[in-house]
Amino acid sequence: EPGEKRETQSKILLKQISSGMKTFEAQRTHAKPTLELIEKLDRILSEMENSITNLREELQSCLEDCVKEQRKHTDSSSISENQNISKLASEKAGPSRRNLPAEVIALEVFLQNSGGPCGGWDQSDHRVFMKIWMKHRGKSSYREEVLQYLPGKRLKEVKQHEEWHQDLLSLKDQKKEAIQRWKANKAEEQRQKLKAAQRREEVAEQRRIRNNNVWYQRLKDFREMLAREEEKIKQKKDTMTQLA
């Protein structure tokens, strides 16, 4: 991971600074304050200052990585949410052909096998039948009037068409109930899916926050160490001034 690599690099730089401190202290303590020693100590301080500069850059880069990762996660969550909304919208539009309830298929098969929406009758004859049927509210008294308006039809044919129409009404009712059940089940299914998706997002967000908190704490620790090392270098410079 880029963050782990940066942390490793920061530790290396801190180690270099610490090593420089020890070398500086050893040289200052065990050697006589000659011009050559002062120049050597000055080089050690310069190297430590360079390491601190590099460490500052590493810490800044690490902070920028954290911010980029947070933005990336936010953008990803937004895209995921939009995709979920689009998917839910398409599914709410209605059942696809392969997911049609059996009652819907049954009605289609019935119409295909029984002469279509007019039950095999001529459209105008069927319209007359329906008008008289509704006028008599489906009572058997409608038959005589149908035969009067459709003299080409026999009573047997009218009864058969009546049976066909009754079956059609029954299948339509079953289809309506099936669609209502499908919508209710689908709504519950989508509610559960959305709930699960929201839970996954919450878990991911909590994990991201924990990771960010860890990195911010590490940055804080490094900055504190950096401040201490800078203070030590300042003290060494003061010592150099005294030696000079």
# chains A, B, ... in the order shown; residues from 1 in each chain; ligands from 1
call {"tool": "residues_around", "arguments": {"residues": "range 153-158 of chain A", "least_positions_apart": "4", "cutoff": "10 Å", "atoms": "only C-alpha atoms", "output": "ChimeraX atom specification"}}
result
/A:121,125,129,142-144,146-149,162-164
call {"tool": "atom_distance", "arguments": {"atom1": "CA of Ser61 in chain A", "atom2": "CA of Arg200 in chain A"}}
result
29.8 Å
call {"tool": "closest_residue", "arguments": {"among": "A:Ala184, A:Gln190, A:Ser140, A:Leu150", "to": "Ser124 in chain A", "atoms": "only C-alpha atoms"}}
result
A:Leu150
